[in-house]
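As structure tokens, the structure follows; a few thoughts come after it.
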Amino acid sequence: MTKFETIQQSYELARQQYSSLGVDIDAALNRLKKFEISLHCWQTDDVGGFETPDAALGGGGIAVTGNYPGKARTIAEMQADLEKVMSLLPGKQRLNLHASYGEFGEKFVDRDQIEPSHFQGWIDWAAEQEIALDFNCTCFSHPKADGGFTLSSKDEEIRRFWVEHTKRCRAIGAEMGKQLGKTCIHNIWIPDGSKDVPVDRYTHRALLKKSLDEIFEVEYSTEYLKDSIESKLFGIGAESMTVGSHDFYLGYAIKNNKLICLDNGHFHPTEQVGDKISACLQFVDELMLHVTRPVRWDSDHVVTFNEDVVLIAQEIIRSNAIDRVHMGLDFFDASINRIGAYVVGTRAAQQSMLFALLEPLDTLRRYEDEGKNFERLALLELMKSKPFGAVWDHFCMQEGVPVAEQYISEVQAYESEVLSKR
Ligand code: RNT
Ligand code: ZN
């Protein structure tokens with residue numbers, strides 16, 4: 001039997017098993033194909049950016065560990081890497097850029113001076129790739145962020161600087177959305193917080209609210225731009241208080257009709273972002289997710305097909321909210337091949353979505369409504385050993401991307417031909 005026939009046959013057998021449970025595989029795959037994941041740009045170069053020739057940022061609560069060779073040093077290298085990554089992924093993805101990744105040329109352009117023109121190259125590239133762009137202000141790794149506060153700073157000059165930066169970022173995001181004809185999501189995350197117990201949390205939060213109000217004064221059509229705001233529990237150097245906590249941003253998002261961005265590394269370890277989806281969706285129209293793998297803390301390890309991510313995917317599907325929830329990735333691991341990190345992490349997120357799409361939801365809901373909780377538990381357990389890998393392999397084959405372990409050798413080849421020469 002050829003490889004193609006084996007994949008085909010395994011798929012047919014899998015299809016029968018899922019059909020007998022009432023699962024429509026074709027419908028599931030169609031929905032999976034349309035679900036775009038926003039690839040974070042910062043795995044290519046360990047959150048370095050291109051503001052200065054030797055930018056290796058970090059700082060401001062962002063800690064990258066590892067120095068595996070081959071990181072992207074220029075925008076051209078980064079685009080080549082991203083093209084390689086996308087060629088190894090089924091379906092279509094988006095790219096999530098940070099403001100520190102503009103084309104600033106020879107001269108230093110400070111964050112309060114950036115303009116759409118600095119991102120025109122990215123927009124043109126995205127148009128060529130036929131993908132959408134998302135955008136983020138970069139309110140960290142900058143001398144004006146060293147004091148621990150940006151948008152919530154009591155130093156008016158510093159606060160104004162970051163307000164100006166973020167306003168410009170929204171204008172850039174709107175331009176991306178307009179030119180590409182695909183809505184850009186602009187996300188705000190700031191590192192503001194306090195290492196030791198502060199006595200004036202109130203003023204910092206009032207200032208952050210004031211800054212957000214100023215930032216959102218300019219309205220853009222939601223066809224071009226949507227705004228999301230991202231909370232956090234703690235950061236390195238901000239262990240005792242984070243100004244932009246979950247309560248703060250959830251309140252702001254509900255009151256001002258913004259998207260709330262839930263990062264699954266930003267909560268107490270026993271809290272589940274999966275559980276928050278149906279709660280937040282009662283009060284906000286849409287959600288942004290930053291999917292990552294926190295190990296003991298917000299470590300941002302490469303996403304794997306684990307219970308947390310599967311629950312997130314299940315809750316998106318079970319809430320019938322695939323159009324209301326946007327998924328971006330947020331990890332950065334500098335200790336392994338970076339292209340491989342992207343492919344493992346994105347495929348894991350996609351596989352979680354597929355796993356969720358293959359749930360026999362009607363039966364599970366019926367069991368639950370009838371109080372048949374043993375039956376519900378049993379079926380959920382049974383689904384874990386259904387031939388879901390055969391469906392995934394077939395999907396990859398149909399999409400014309402490497403099937404199963406084939407992508408490992410593709411990443412190795414790119415490493416020896418391209419990455420090792422950097
Ligand atoms: C940091 C936040 C934020 C960043 C990116 C680079 O804790 O998770 O999303 O990782 O903006
Ligand atoms: Zn995040």
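In the structure tokens, chains take letters A, B, ... by order of appearance, with residues numbered from 1 within each chain and ligands from 1 in the order shown.
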As a ChimeraX atom specification, list the residues of range 224-321 of chain A assigned to strand (DSSP E or B) by DSSP on the backbone atoms of this structure.
/A:225-230,235,238,241-242,259-263,287-291,293,301
Please, could you write that set of residues out with N, CA and C atoms as a CSV table (one decimal), in the first residue's frame?
```csv
chain,number,residue,atom,x,y,z
A,225,LEU,N,-10.5,47.8,12.2
A,225,LEU,CA,-9.8,47.7,13.5
A,225,LEU,C,-10.7,47.3,14.6
A,226,LYS,N,-10.3,46.3,15.4
A,226,LYS,CA,-10.9,46.0,16.7
A,226,LYS,C,-9.9,46.0,17.8
A,227,ASP,N,-10.3,46.5,18.9
A,227,ASP,CA,-9.3,46.7,20.0
A,227,ASP,C,-9.5,45.6,21.1
A,228,SER,N,-8.4,45.0,21.5
A,228,SER,CA,-8.4,44.1,22.7
A,228,SER,C,-7.5,44.6,23.7
A,229,ILE,N,-7.8,44.2,25.0
A,229,ILE,CA,-7.0,44.6,26.1
A,229,ILE,C,-6.6,43.3,26.9
A,230,GLU,N,-5.4,43.2,27.3
A,230,GLU,CA,-4.9,41.9,27.9
A,230,GLU,C,-4.4,42.1,29.3
A,235,GLY,N,4.2,39.7,36.9
A,235,GLY,CA,5.3,39.6,36.0
A,235,GLY,C,6.6,39.6,36.8
A,238,ALA,N,7.2,42.6,39.0
A,238,ALA,CA,5.8,43.1,39.3
A,238,ALA,C,5.0,42.0,40.0
A,241,MET,N,1.8,43.6,42.5
A,241,MET,CA,0.6,44.2,41.9
A,241,MET,C,0.8,44.4,40.4
A,242,THR,N,-0.2,44.0,39.7
A,242,THR,CA,-0.2,44.4,38.3
A,242,THR,C,-1.4,45.3,38.1
A,259,LEU,N,-12.7,44.1,23.1
A,259,LEU,CA,-12.4,42.7,23.3
A,259,LEU,C,-11.6,42.5,24.5
A,260,ILE,N,-11.8,41.5,25.2
A,260,ILE,CA,-10.9,41.1,26.3
A,260,ILE,C,-10.0,40.0,25.8
A,261,CYS,N,-8.7,40.2,26.1
A,261,CYS,CA,-7.7,39.2,25.6
A,261,CYS,C,-7.3,38.3,26.8
A,262,LEU,N,-7.6,37.1,26.7
A,262,LEU,CA,-7.3,36.1,27.8
A,262,LEU,C,-6.0,35.4,27.4
A,263,ASP,N,-5.0,35.5,28.2
A,263,ASP,CA,-3.7,34.8,27.9
A,263,ASP,C,-3.7,33.7,29.0
A,287,LEU,N,-13.9,37.8,21.9
A,287,LEU,CA,-12.7,37.6,22.7
A,287,LEU,C,-11.5,37.4,21.9
A,288,MET,N,-10.3,37.8,22.5
A,288,MET,CA,-9.0,37.4,21.9
A,288,MET,C,-8.4,36.5,22.8
A,289,LEU,N,-7.7,35.5,22.3
A,289,LEU,CA,-6.9,34.6,23.2
A,289,LEU,C,-5.5,34.6,22.9
A,290,HIS,N,-4.6,34.6,23.9
A,290,HIS,CA,-3.2,34.3,23.7
A,290,HIS,C,-2.9,33.0,24.2
A,291,VAL,N,-2.8,32.0,23.3
A,291,VAL,CA,-2.6,30.6,23.7
A,291,VAL,C,-1.1,30.3,23.9
A,293,ARG,N,1.9,28.0,26.8
A,293,ARG,CA,2.0,26.9,27.8
A,293,ARG,C,2.8,27.3,29.0
A,301,HIS,N,6.1,28.5,27.3
A,301,HIS,CA,6.7,27.3,26.6
A,301,HIS,C,5.8,27.1,25.3
```
Shell of 10 Å around ligand 1 (only C-alpha atoms and all ligand atoms), written as a ChimeraX atom specification
/A:40-43,46-48,58,60-63,96-99,135-140,187-191,229-236,261-266,289-292,298-300,328-332
Glu157 in chain A: which residues within 12 Å, counting only C-alpha atoms, same-chain residues fewer than 6 positions away excluded, as a compact mmCIF listing (two decimals) with all heavy atoms, in the first residue's frame?
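Final file, part-v5.txt:
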```
# COMPACT_ATOMS: atom_id res chain seq x y z
N ASP A 112 7.02 57.01 19.89
CA ASP A 112 5.95 58.02 19.74
C ASP A 112 6.02 58.69 18.37
O ASP A 112 5.37 59.70 18.15
CB ASP A 112 6.02 59.06 20.87
CG ASP A 112 7.32 59.85 20.86
OD1 ASP A 112 8.30 59.38 20.23
OD2 ASP A 112 7.37 60.93 21.47
N LYS A 144 11.77 54.37 28.58
CA LYS A 144 10.62 55.01 29.23
C LYS A 144 9.69 53.98 29.90
O LYS A 144 8.66 54.36 30.46
CB LYS A 144 9.85 55.87 28.23
CG LYS A 144 10.60 57.16 27.86
CD LYS A 144 9.64 58.19 27.27
CE LYS A 144 10.21 59.60 27.25
NZ LYS A 144 11.40 59.79 26.40
N ALA A 145 10.05 52.71 29.83
CA ALA A 145 9.25 51.69 30.54
C ALA A 145 10.03 51.17 31.75
O ALA A 145 9.53 50.36 32.52
CB ALA A 145 8.92 50.53 29.60
N PHE A 149 6.24 51.68 35.12
CA PHE A 149 4.89 52.11 34.74
C PHE A 149 4.92 52.79 33.38
O PHE A 149 5.85 53.55 33.09
CB PHE A 149 4.32 53.08 35.78
CG PHE A 149 4.16 52.46 37.15
CD1 PHE A 149 5.14 52.63 38.11
CD2 PHE A 149 3.04 51.69 37.45
CE1 PHE A 149 5.01 52.04 39.37
CE2 PHE A 149 2.89 51.11 38.70
CZ PHE A 149 3.88 51.28 39.68
N THR A 150 3.92 52.51 32.56
CA THR A 150 3.84 53.15 31.24
C THR A 150 2.53 53.94 31.16
O THR A 150 2.47 55.08 31.56
CB THR A 150 3.93 52.09 30.10
OG1 THR A 150 2.84 51.17 30.17
CG2 THR A 150 5.25 51.34 30.18
N LEU A 151 1.48 53.28 30.70
CA LEU A 151 0.18 53.98 30.57
C LEU A 151 -0.42 54.35 31.93
O LEU A 151 -1.36 55.14 32.00
CB LEU A 151 -0.82 53.11 29.79
CG LEU A 151 -0.53 52.91 28.30
CD1 LEU A 151 -1.54 51.96 27.68
CD2 LEU A 151 -0.55 54.25 27.54
N VAL A 163 0.75 56.95 25.64
CA VAL A 163 -0.57 57.18 25.03
C VAL A 163 -0.37 57.48 23.55
O VAL A 163 -1.04 56.91 22.68
CB VAL A 163 -1.32 58.34 25.73
CG1 VAL A 163 -2.53 58.79 24.92
CG2 VAL A 163 -1.75 57.92 27.15
N GLU A 164 0.61 58.34 23.26
CA GLU A 164 0.87 58.70 21.86
C GLU A 164 1.28 57.45 21.06
O GLU A 164 0.80 57.23 19.95
CB GLU A 164 1.98 59.77 21.82
CG GLU A 164 2.36 60.23 20.42
CD GLU A 164 1.21 60.92 19.67
OE1 GLU A 164 0.33 61.51 20.32
OE2 GLU A 164 1.20 60.84 18.41
```
Excluding Ser152 in chain A and residues on its chain fewer than 6 positions from it, collect all residues at most 10 Å away from it, counting only C-alpha atoms, and give them as an MDAnalysis selection string.
chainID A and resid 158:160 162:163 190:193 203:212 243:244
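Residues in contact with Arg15 in chain A at 10 Å, where only C-alpha atoms are counted and same-chain residues fewer than 3 positions away are skipped, are listed as Gln9, Ser10, Tyr11, Glu12, Tyr18, Ser19, Ser20, Leu21, Val23, Asp24, Ile25, Asp26, Pro387, Phe388, Ala390 and Val391 of chain A.
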Out of range 164-367 of chain A, which residues get alpha helix (DSSP H) from DSSP, as a VMD selection string?
chain A and resid 164 to 180 201 to 215 246 to 256 273 to 280 307 to 318 338 to 357 361 to 367
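The shortest atom-to-atom distance to Lys84 in chain A, with only C-alpha atoms taken into account, belongs to A:Ile339 out of A:Gln398, A:Gly66, A:Ile339, A:Asp110.
When only C-alpha atoms are used to measure the gap to Lys71 in chain A, the shortest distance among A:Tyr367, A:Leu377, A:Val218, A:Glu415 belongs to A:Glu415.
Among the candidates A:Val284, A:Leu88, A:Met327, A:Ala341, the one nearest to ligand 2 when counting only C-alpha atoms and all ligand atoms is A:Met327.
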With distances taken over only C-alpha atoms, which residue among A:Val109, A:Lys167, A:Glu399, A:Asp200 lies nearest Ser153 in chain A?
A:Asp200
Need the shell around range 400-404 of chain A: protein/DNA/RNA residues with any atom at most 12 Å away, counting only C-alpha atoms. Skip same-chain ones fewer than 5 positions apart. Format as a ChimeraX atom specification?
/A:3-4,6-8,84-92,343-344,347,351,389-395,409-411
Once you have the residues from the selection above, write them out as a CSV table (one decimal), in the first residue's frame, restricted to N, CA, C and O atoms.
```
chain,number,residue,atom,x,y,z
A,3,LYS,N,1.8,5.3,0.7
A,3,LYS,CA,1.5,6.1,1.9
A,3,LYS,C,0.2,6.8,1.7
A,3,LYS,O,-0.6,6.9,2.7
A,4,PHE,N,-0.1,7.3,0.6
A,4,PHE,CA,-1.4,7.9,0.3
A,4,PHE,C,-2.6,7.0,0.6
A,4,PHE,O,-3.5,7.4,1.2
A,6,THR,N,-2.6,4.4,2.6
A,6,THR,CA,-2.7,4.1,4.0
A,6,THR,C,-3.5,5.3,4.7
A,6,THR,O,-4.4,5.1,5.5
A,7,ILE,N,-3.1,6.5,4.4
A,7,ILE,CA,-3.7,7.7,5.0
A,7,ILE,C,-5.2,7.7,4.6
A,7,ILE,O,-6.1,7.9,5.5
A,8,GLN,N,-5.5,7.4,3.4
A,8,GLN,CA,-6.9,7.4,2.9
A,8,GLN,C,-7.7,6.3,3.6
A,8,GLN,O,-8.8,6.6,4.1
A,84,LYS,N,8.2,29.8,5.6
A,84,LYS,CA,8.5,28.4,5.7
A,84,LYS,C,7.5,27.8,6.7
A,84,LYS,O,6.9,26.7,6.5
A,85,VAL,N,7.3,28.5,7.8
A,85,VAL,CA,6.3,28.0,8.9
A,85,VAL,C,5.0,27.8,8.2
A,85,VAL,O,4.3,26.7,8.4
A,86,MET,N,4.5,28.8,7.5
A,86,MET,CA,3.1,28.7,7.0
A,86,MET,C,3.0,27.6,5.9
A,86,MET,O,1.9,27.0,5.8
A,87,SER,N,4.1,27.3,5.3
A,87,SER,CA,4.1,26.2,4.3
A,87,SER,C,4.0,24.8,5.0
A,87,SER,O,3.7,23.8,4.3
A,88,LEU,N,4.2,24.8,6.3
A,88,LEU,CA,4.1,23.5,7.0
A,88,LEU,C,2.8,23.4,7.8
A,88,LEU,O,2.7,22.4,8.5
A,89,LEU,N,1.9,24.4,7.6
A,89,LEU,CA,0.7,24.3,8.4
A,89,LEU,C,-0.5,24.2,7.5
A,89,LEU,O,-0.6,25.0,6.5
A,90,PRO,N,-1.5,23.4,7.8
A,90,PRO,CA,-2.7,23.3,7.0
A,90,PRO,C,-3.5,24.6,7.3
A,90,PRO,O,-3.4,25.3,8.3
A,91,GLY,N,-4.4,24.9,6.3
A,91,GLY,CA,-5.3,26.1,6.5
A,91,GLY,C,-4.5,27.4,6.3
A,91,GLY,O,-3.4,27.4,5.8
A,92,LYS,N,-5.1,28.5,6.7
A,92,LYS,CA,-4.5,29.8,6.5
A,92,LYS,C,-4.3,30.4,7.9
A,92,LYS,O,-5.2,30.3,8.8
A,343,VAL,N,5.8,25.4,14.4
A,343,VAL,CA,4.9,24.4,13.8
A,343,VAL,C,4.3,23.5,14.8
A,343,VAL,O,3.1,23.2,14.8
A,344,VAL,N,5.1,23.1,15.8
A,344,VAL,CA,4.6,22.3,16.9
A,344,VAL,C,3.4,23.0,17.6
A,344,VAL,O,2.4,22.4,17.8
A,347,ARG,N,0.3,23.7,15.2
A,347,ARG,CA,-0.4,22.4,14.9
A,347,ARG,C,-1.1,21.9,16.2
A,347,ARG,O,-2.2,21.4,16.1
A,351,GLN,N,-4.9,21.2,16.2
A,351,GLN,CA,-5.4,19.8,16.6
A,351,GLN,C,-6.4,19.9,17.8
A,351,GLN,O,-7.3,19.1,17.8
A,389,GLY,N,-6.2,11.2,15.1
A,389,GLY,CA,-4.9,11.4,14.3
A,389,GLY,C,-5.1,11.1,12.8
A,389,GLY,O,-4.5,11.7,12.0
A,390,ALA,N,-6.0,10.1,12.5
A,390,ALA,CA,-6.2,9.7,11.1
A,390,ALA,C,-6.9,10.8,10.4
A,390,ALA,O,-6.6,11.1,9.2
A,391,VAL,N,-7.8,11.5,11.1
A,391,VAL,CA,-8.5,12.6,10.5
A,391,VAL,C,-7.6,13.8,10.3
A,391,VAL,O,-7.6,14.4,9.2
A,392,TRP,N,-6.7,14.0,11.3
A,392,TRP,CA,-5.8,15.1,11.2
A,392,TRP,C,-4.8,14.9,10.0
A,392,TRP,O,-4.5,15.8,9.2
A,393,ASP,N,-4.3,13.7,9.9
A,393,ASP,CA,-3.3,13.3,8.8
A,393,ASP,C,-4.0,13.6,7.4
A,393,ASP,O,-3.4,14.1,6.5
A,394,HIS,N,-5.2,13.1,7.3
A,394,HIS,CA,-5.9,13.3,6.1
A,394,HIS,C,-6.1,14.8,5.7
A,394,HIS,O,-6.0,15.2,4.6
A,395,PHE,N,-6.4,15.5,6.7
A,395,PHE,CA,-6.6,17.0,6.6
A,395,PHE,C,-5.3,17.6,6.0
A,395,PHE,O,-5.3,18.4,5.1
A,409,SER,N,11.5,16.4,9.2
A,409,SER,CA,12.7,16.5,8.2
A,409,SER,C,12.6,17.8,7.4
A,409,SER,O,13.7,18.3,7.0
A,410,GLU,N,11.5,18.3,7.2
A,410,GLU,CA,11.4,19.6,6.5
A,410,GLU,C,12.0,20.7,7.3
A,410,GLU,O,12.7,21.6,6.8
A,411,VAL,N,11.8,20.7,8.6
A,411,VAL,CA,12.3,21.7,9.5
A,411,VAL,C,13.9,21.5,9.5
A,411,VAL,O,14.6,22.5,9.5
```
Would you kindly return, as a PyMOL selection string, each protein, DNA or RNA residue with an atom no farther than 10 Å from any atom of Asn256 in chain A, considering only C-alpha atoms and excluding same-chain residues fewer than 5 positions away?
chain A and resi 213+216+250-251+284
Of the candidates A:Asp196, A:His165, A:Asn30, A:Pro294, which shows the shortest atom-to-atom distance to ligand 2, using only C-alpha atoms and all ligand atoms?
A:Pro294
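Minimum atom-to-atom distances from A:Asp323, A:Leu382, A:Gly181, A:Thr270 to Glu36 in chain A were compared using only C-alpha atoms, and the lowest value belongs to A:Asp323.
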